[in-house]
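Enquirer: Handing you this structure, nothing more for now.
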Amino acid sequence: MKHIDHLSEYNEIIKENDEIYRHLAKNFHMPECTFWILYTLRTAHAPLTQSELCKILYEPKQTVNSALKKLEAEGFLSLAVGSDRRSKTITLTDKGQTLAGQTVDLVISAEKHSLLSLEETEQDLFLQLFHKYTDALKQQITELNKKT
């Protein structure tokens, strides 16, 4: 039964983490999707398209599109034609850079400090184990979906 206790603890931790970010978005007076769009644009190593953003966020295209349109209308980002007419590259405007600096950049800094509370080997192990568990869960869910 220890595995049940571990599952309960794991799920409680995940939900607590979700609540931390939900609370942050609310404190910043923005929808969660908007928060995660800004966050992702700030942490991306290259400009992203809407399709790439949807994959990273695990959000439906319609949800991301609505949030992007609102951010664009408010002057926080611009959408430029990408490699083909159907894809648009998302870029933060100066106003968007300022908003990100006052919101998600603070969160990213807090996350970095939190991660640094772990030794480098602990950080590596934490990520390795989390990936291993997630991959195993995906496999189990795939098998479950085949049966239903």
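How things are named: the first chain in the structure tokens is A, the next is B, and so on; residues count from 1 in each chain; ligands count from 1 in the order shown.
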I'd like the contact shell of Arg86 in chain A - 10 Å cut-off, only C-alpha atoms, skipping same-chain residues fewer than 5 positions apart - returned as number ranges by chain.

Expert: A: 49-51, 81

Enquirer: Could you give me, as JSON, numbers by chain, the residues within 10 Å of Tyr39 in chain A, counting only C-alpha atoms and dropping anything in the same chain fewer than 5 positions from it?

Expert: {"A": [33, 34, 44, 100, 103, 104, 105, 107, 108]}

Enquirer: How would the residues just chosen look if you wrote them out with C-alpha atoms as a PDB file, in the first residue's frame?

Expert:
```pdb
ATOM      1  CA  CYS A  33      -3.152  30.855 -20.425  1.00  0.00           C
ATOM      2  CA  THR A  34      -1.870  34.419 -20.780  1.00  0.00           C
ATOM      3  CA  ALA A  44      12.028  30.066 -25.326  1.00  0.00           C
ATOM      4  CA  ALA A 100       6.820  40.138 -18.732  1.00  0.00           C
ATOM      5  CA  THR A 103       5.332  39.404 -13.893  1.00  0.00           C
ATOM      6  CA  VAL A 104       6.740  36.186 -15.324  1.00  0.00           C
ATOM      7  CA  ASP A 105      10.378  37.262 -15.041  1.00  0.00           C
ATOM      8  CA  VAL A 107       8.441  33.960 -11.271  1.00  0.00           C
ATOM      9  CA  ILE A 108      11.320  32.628 -13.367  1.00  0.00           C
TER      10      ILE A 108
END
```

Enquirer: Rank nothing, just name the residue among A:Gln97, A:Thr89, A:Asn145, A:Thr63 nearest to Phe76 in chain A, using only C-alpha atoms.

Expert: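 Counting only C-alpha atoms, the residue closest to Phe76 in chain A is A:Gln97.
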
Enquirer: Suppose you want the space between CA of Met1 in chain A and CA of Glu19 in chain A; what is it in Å?

Expert: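 About the pair CA of Met1 in chain A and CA of Glu19 in chain A: they are 27.3 Å apart.
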
Enquirer: With only C-alpha atoms as the basis for distance, which of A:Cys54, A:Leu106, A:Leu118, A:Ile4 is at the shortest distance from Phe28 in chain A?

Expert: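 Once distances to Phe28 in chain A are computed over only C-alpha atoms, the minimum belongs to A:Leu106.
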
Enquirer: Which of range 3-136 of chain A end up as helix (DSSP H, G or I) when DSSP is run on this backbone - answer as an MDAnalysis selection string?

Expert: chainID A and resid 3:27 32:43 50:57 61:73 94:102 104:115 120:136
